[in-house]
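J.: Pasting a structure below so you can have a look.
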Amino acid sequence: MFQIDPRLAGDTLEVASLTLCQVLLLNDRRYDWLVLVPRRESVTEILDLSPQDQAQLWREVTLVAQVLRHAQPDLKLNIGALGNVVRQLHLHVLLRQEGDPAWPGPVWGHSPREPHTAEAGHAAAERWRVLLEEETQA
C-alpha cells in the first residue's frame, strides 16, 4: 500500500492528486516549492518506475513546472530529485530568485524551513491546487 514517507509528510502540505503523483507544497514560506511523489510502493529511483510511469512522471513534472512559471515567469525554475535523506522517490519543482536565502547555491539543506502559519499554509496549498486545476483544464 502506498504511503508518503513520514518525514516528507511532516515537511509538506497536500495540494492535489494527479494521475500518477501526489503534489505537495513544501511548508517553507520563503519559496514556491512543490514536490511530486509518484503513488507507487517501494520506489526510490526514477528507473524503478515502469516506462509508462516514467513518461507520466515527466508529463506531470512539466505541468507543475508550467504552473510555477506562469505564476512568476521572471524567476529561475529548479527541478531536482535527490533522495539522500528521504529515499522515497519524489521530485522537487521550485522557483528561485536572486537574493533568496540560499541564492545562488542549492536550497537543499541550506537552512531550517520557515513554516507557514496554519492559515497561510492552507491558503498557499489551495492557491497551487486551483492553478494546477486551471492548467489541466486549459
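Letters for chains follow the order of the C-alpha cells (A, B, ...), residue numbers begin at 1 for each chain, and ligand numbers begin at 1 in the order shown.
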Using DSSP assignments from the backbone, pull out every residue in range 44-138 of chain A that falls under strand (DSSP E or B) and give it to me as a list in words.

T.: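 In range 44-138 of chain A, DSSP puts these residues in strand (DSSP E or B): Lys76, Leu77, Asn78, Ile79, Gly80, Leu91, His92, Val93, Leu94, Leu95 and Arg96 of chain A.
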
J.: Take the residues from that selection and write them out as a tab-separated table (two decimals), in the first residue's frame, keeping C-alpha atoms.

T.:
chain	number	residue	atom	x	y	z
A	76	LYS	CA	14.51	30.65	-12.14
A	77	LEU	CA	12.93	27.21	-12.19
A	78	ASN	CA	14.78	24.39	-10.38
A	79	ILE	CA	13.89	20.69	-10.69
A	80	GLY	CA	15.63	18.05	-8.64
A	91	LEU	CA	10.81	15.38	-7.32
A	92	HIS	CA	11.22	18.97	-6.23
A	93	VAL	CA	9.98	21.72	-8.55
A	94	LEU	CA	10.59	25.21	-7.22
A	95	LEU	CA	11.17	28.80	-8.14
A	96	ARG	CA	14.32	30.65	-7.14

J.: Near range 124-129 of chain A, counting only C-alpha atoms, which residues have an atom at most 7 Å away, once you skip same-chain residues fewer than 2 positions from it, shown as a list in words?

T.: Leu13, Glu14, Val15, Ala16, Leu25, Ala120, Gly121, His122, Leu131, Leu132 and Glu133 of chain A

J.: Determine, counting only C-alpha atoms, which protein, DNA and RNA residues have an atom within 7 Å of an atom of range 42-49 of chain A; residues of the same chain fewer than 2 positions away are not included. Present the result as a ChimeraX atom specification.

T.: /A:40,51,53-54,87-89

J.: Record the distance separating CA of His116 in chain A and CA of Trp103 in chain A, expressed in Å with one decimal.

T.: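 Rounded to one decimal, the two atoms are 20.5 Å apart.
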
J.: Residues at most 12 Å from Gln52 in chain A, counting only C-alpha atoms, excluding those fewer than 6 positions away in the same chain, as a list of chain:residue names?

T.: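 Final neighbour list, sorted by chain and number: A:Thr19, A:Leu20, A:Ile46, A:Trp58, A:Arg59.
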
J.: Please produce a file of the residues just selected, as an mmCIF file, in the first residue's frame, where the atoms kept are N, CA, C and O atoms.

T.:
data_model
loop_
_atom_site.group_PDB
_atom_site.id
_atom_site.type_symbol
_atom_site.label_atom_id
_atom_site.label_comp_id
_atom_site.auth_asym_id
_atom_site.auth_seq_id
_atom_site.Cartn_x
_atom_site.Cartn_y
_atom_site.Cartn_z
ATOM 1 N N THR A 19 -2.621 12.146 -12.026
ATOM 2 C CA THR A 19 -2.787 10.759 -12.448
ATOM 3 C C THR A 19 -1.816 9.830 -11.732
ATOM 4 O O THR A 19 -2.207 8.774 -11.239
ATOM 5 N N LEU A 20 -0.549 10.202 -11.659
ATOM 6 C CA LEU A 20 0.473 9.378 -11.018
ATOM 7 C C LEU A 20 0.889 9.913 -9.658
ATOM 8 O O LEU A 20 1.093 9.157 -8.722
ATOM 9 N N ILE A 46 13.844 6.916 -10.271
ATOM 10 C CA ILE A 46 13.011 7.045 -11.468
ATOM 11 C C ILE A 46 13.057 5.760 -12.284
ATOM 12 O O ILE A 46 12.042 5.320 -12.824
ATOM 13 N N TRP A 58 7.156 12.600 -16.130
ATOM 14 C CA TRP A 58 7.687 13.791 -16.799
ATOM 15 C C TRP A 58 6.575 14.705 -17.296
ATOM 16 O O TRP A 58 6.727 15.928 -17.286
ATOM 17 N N ARG A 59 5.436 14.119 -17.704
ATOM 18 C CA ARG A 59 4.294 14.963 -18.076
ATOM 19 C C ARG A 59 3.837 15.778 -16.870
ATOM 20 O O ARG A 59 3.527 16.968 -16.984
#

J.: Select, from A:Leu63, A:Val86, A:Ala102, A:Cys21, the residue with the minimum atom-to-atom distance to Ala9 in chain A, counting only C-alpha atoms.

T.: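 Closest candidate: A:Val86.
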
J.: Could you give me, as an NGL selection string, each residue of range 54-111 of chain A that DSSP assigns to alpha helix (DSSP H) when run on this structure's backbone?

T.: :A and (54-71)

J.: Would you mind reading off the distance between CA of Val64 in chain A and CA of Leu34 in chain A, one decimal, in Å?

T.: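 Answer for the CA of Val64 in chain A to CA of Leu34 in chain A separation: 7.8 Å.
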
J.: Could you list, as JSON, numbers by chain, every residue within 6 Å of Gln22 in chain A, counting only C-alpha atoms and ignoring same-chain residues fewer than 3 positions away?

T.: {"A": [17, 36, 37]}

J.: Compile the contact shell of Phe2 in chain A as a list in words: residues with an atom at most 7 Å away, counting only C-alpha atoms, same-chain residues fewer than 2 positions apart removed.

T.: Ile4, Arg39, Arg40 and Glu41 of chain A

J.: Would you work out the distance separating CA of Pro6 in chain A from CA of Asn84 in chain A, expressed in Å to one decimal?

T.: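 Rounded to one decimal, the two atoms are 14.9 Å apart.
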
J.: For Gln66 in chain A, which residue out of A:Pro112, A:Glu134, A:Arg7, A:Pro101 is the nearest one, using only C-alpha atoms?

T.: A:Glu134
